[in-house]
Amino acid sequence: MSEPVIEVRHLSKSFGTHVVLRDVDFTVNAGDVTCIIGASGSGKSTLLRCINLLETPTNGKVLFHGNDITAKGSDPCAYRAKVGMVFQSFNLFNNMTVLDNCTAGLRYVLHQDKETAQKTALENLEKVGMAPYIHAKPRQLSGGQKQRVAIARALAMQPEVLLFDEPTSALDPQMVGEVLAVMRQLAKEGLTMIVVTHEMAFARDVSSHVVYMADGVICEEGTPADIFEHPQNAKTVEFLSRFRQA
Ligand SMILES: Nc1ncnc2c1ncn2[C@@H]1O[C@H](COP(=O)(O)OP(=O)(O)OP(=O)(O)O)[C@@H](O)[C@H]1O
Ligand SMILES: [Mg+2]
């Protein structure tokens, strides 16, 4: 279970003169649930977007099973079919039904026939409790339901790794639990996940590894016990104290 799946190596990212990530370096092994925590603006989304090739790193690289996916000539579509992403704002296709949202990638990226794609989509919609809504359009769903459809859509591609960027931040408080419950179940099943989150209880209870970012660098990383019970860095202590008071 300790084979590296994703290795982020000396990754830096600047927008013009604004340095957003500096020399970020960490490894995700098969079955790891890595939670990335940190203040707003610390570079968490930019890091996930670099890992998913939605941004091009300025320096450094990202390896997937040892292959440099940031190198020229590597195929971002094939890679993204293996490393899926769930966004804060769901990013569903609003003009398409729940079922069509979940079959689109299977049909047009993986070139599956309609029947096979629908079967896979349904299995994954069942898994997140959204099978009764296959004919609904996203606007007819609550935020929690939309996010569960987005997770089913990502799962349908049978990814090796799922990246989540604050998947519950846009939700009303009563809907956070239903999405976190799905994510807990995926973790239990051994899916490798990288989760940017402000849900400290989730990070503490579900993750195998916690990365604390501040100002574009990894300030501290370790097991949940290392970070939440024995933080070594004054910035980590200060950041976590804000959540303890809340
Ligand atoms: N496309 C872009 N062009 C210019 N600056 C950007 C771009 N994307 C991000 N930034 C800047 O990079 C910094 C880090 O942003 P990022 O969104 O990665 O932070 P974050 O940790 O995800 O914050 P939050 O918790 O608010 O989501 C911010 O100062 C932001 O303004
Ligand atoms: Mg962000």
# chains A, B, ... in the order shown; residues from 1 in each chain; ligands from 1
call {"tool": "residues_around", "arguments": {"residues": "region 185-197 of chain A", "least_positions_apart": "3", "cutoff": "7 Å", "atoms": "only C-alpha atoms", "output": "ChimeraX atom specification"}}
result
/A:30-37,44,160-166,181-182
call {"tool": "residues_near_ligand", "arguments": {"ligand": "ligand 1", "cutoff": "12 Å", "atoms": "only C-alpha atoms and all ligand atoms", "output": "count of residues only"}}
result
52
call {"tool": "select_by_dssp", "arguments": {"residues": "region 89-187 of chain A", "states": "strand (DSSP E or B)", "output": "list in words"}}
result
Val161, Leu162, Leu163, Phe164 and Asp165 of chain A
call {"tool": "write_last_selection", "arguments": {"atoms": "all heavy atoms", "output": "PDB file, in the first residue's frame"}}
result
ATOM      1  N   VAL A 161      -7.137   8.391  -8.467  1.00  0.00           N
ATOM      2  CA  VAL A 161      -7.014   9.436  -7.447  1.00  0.00           C
ATOM      3  C   VAL A 161      -8.137  10.436  -7.674  1.00  0.00           C
ATOM      4  O   VAL A 161      -8.446  10.781  -8.818  1.00  0.00           O
ATOM      5  CB  VAL A 161      -5.661  10.190  -7.587  1.00  0.00           C
ATOM      6  CG1 VAL A 161      -5.507  11.236  -6.489  1.00  0.00           C
ATOM      7  CG2 VAL A 161      -4.484   9.236  -7.576  1.00  0.00           C
ATOM      8  N   LEU A 162      -8.744  10.898  -6.581  1.00  0.00           N
ATOM      9  CA  LEU A 162      -9.711  12.004  -6.706  1.00  0.00           C
ATOM     10  C   LEU A 162      -9.201  13.201  -5.923  1.00  0.00           C
ATOM     11  O   LEU A 162      -8.778  13.061  -4.768  1.00  0.00           O
ATOM     12  CB  LEU A 162     -11.084  11.597  -6.161  1.00  0.00           C
ATOM     13  CG  LEU A 162     -12.161  11.185  -7.142  1.00  0.00           C
ATOM     14  CD1 LEU A 162     -13.527  11.157  -6.463  1.00  0.00           C
ATOM     15  CD2 LEU A 162     -12.210  12.112  -8.353  1.00  0.00           C
ATOM     16  N   LEU A 163      -9.237  14.358  -6.579  1.00  0.00           N
ATOM     17  CA  LEU A 163      -8.852  15.609  -5.942  1.00  0.00           C
ATOM     18  C   LEU A 163     -10.131  16.361  -5.589  1.00  0.00           C
ATOM     19  O   LEU A 163     -11.042  16.441  -6.423  1.00  0.00           O
ATOM     20  CB  LEU A 163      -8.024  16.465  -6.908  1.00  0.00           C
ATOM     21  CG  LEU A 163      -6.876  15.773  -7.654  1.00  0.00           C
ATOM     22  CD1 LEU A 163      -6.232  16.749  -8.639  1.00  0.00           C
ATOM     23  CD2 LEU A 163      -5.838  15.260  -6.667  1.00  0.00           C
ATOM     24  N   PHE A 164     -10.214  16.883  -4.389  1.00  0.00           N
ATOM     25  CA  PHE A 164     -11.396  17.647  -3.964  1.00  0.00           C
ATOM     26  C   PHE A 164     -10.930  19.034  -3.541  1.00  0.00           C
ATOM     27  O   PHE A 164     -10.069  19.157  -2.673  1.00  0.00           O
ATOM     28  CB  PHE A 164     -12.067  16.993  -2.740  1.00  0.00           C
ATOM     29  CG  PHE A 164     -12.690  15.655  -2.983  1.00  0.00           C
ATOM     30  CD1 PHE A 164     -11.918  14.501  -2.974  1.00  0.00           C
ATOM     31  CD2 PHE A 164     -14.051  15.542  -3.172  1.00  0.00           C
ATOM     32  CE1 PHE A 164     -12.504  13.249  -3.165  1.00  0.00           C
ATOM     33  CE2 PHE A 164     -14.646  14.299  -3.358  1.00  0.00           C
ATOM     34  CZ  PHE A 164     -13.868  13.149  -3.363  1.00  0.00           C
ATOM     35  N   ASP A 165     -11.514  20.075  -4.137  1.00  0.00           N
ATOM     36  CA  ASP A 165     -11.168  21.440  -3.716  1.00  0.00           C
ATOM     37  C   ASP A 165     -12.336  22.037  -2.937  1.00  0.00           C
ATOM     38  O   ASP A 165     -13.298  22.519  -3.515  1.00  0.00           O
ATOM     39  CB  ASP A 165     -10.837  22.319  -4.934  1.00  0.00           C
ATOM     40  CG  ASP A 165     -10.212  23.648  -4.501  1.00  0.00           C
ATOM     41  OD1 ASP A 165     -10.040  23.861  -3.272  1.00  0.00           O
ATOM     42  OD2 ASP A 165      -9.892  24.460  -5.386  1.00  0.00           O
TER      43      ASP A 165
END
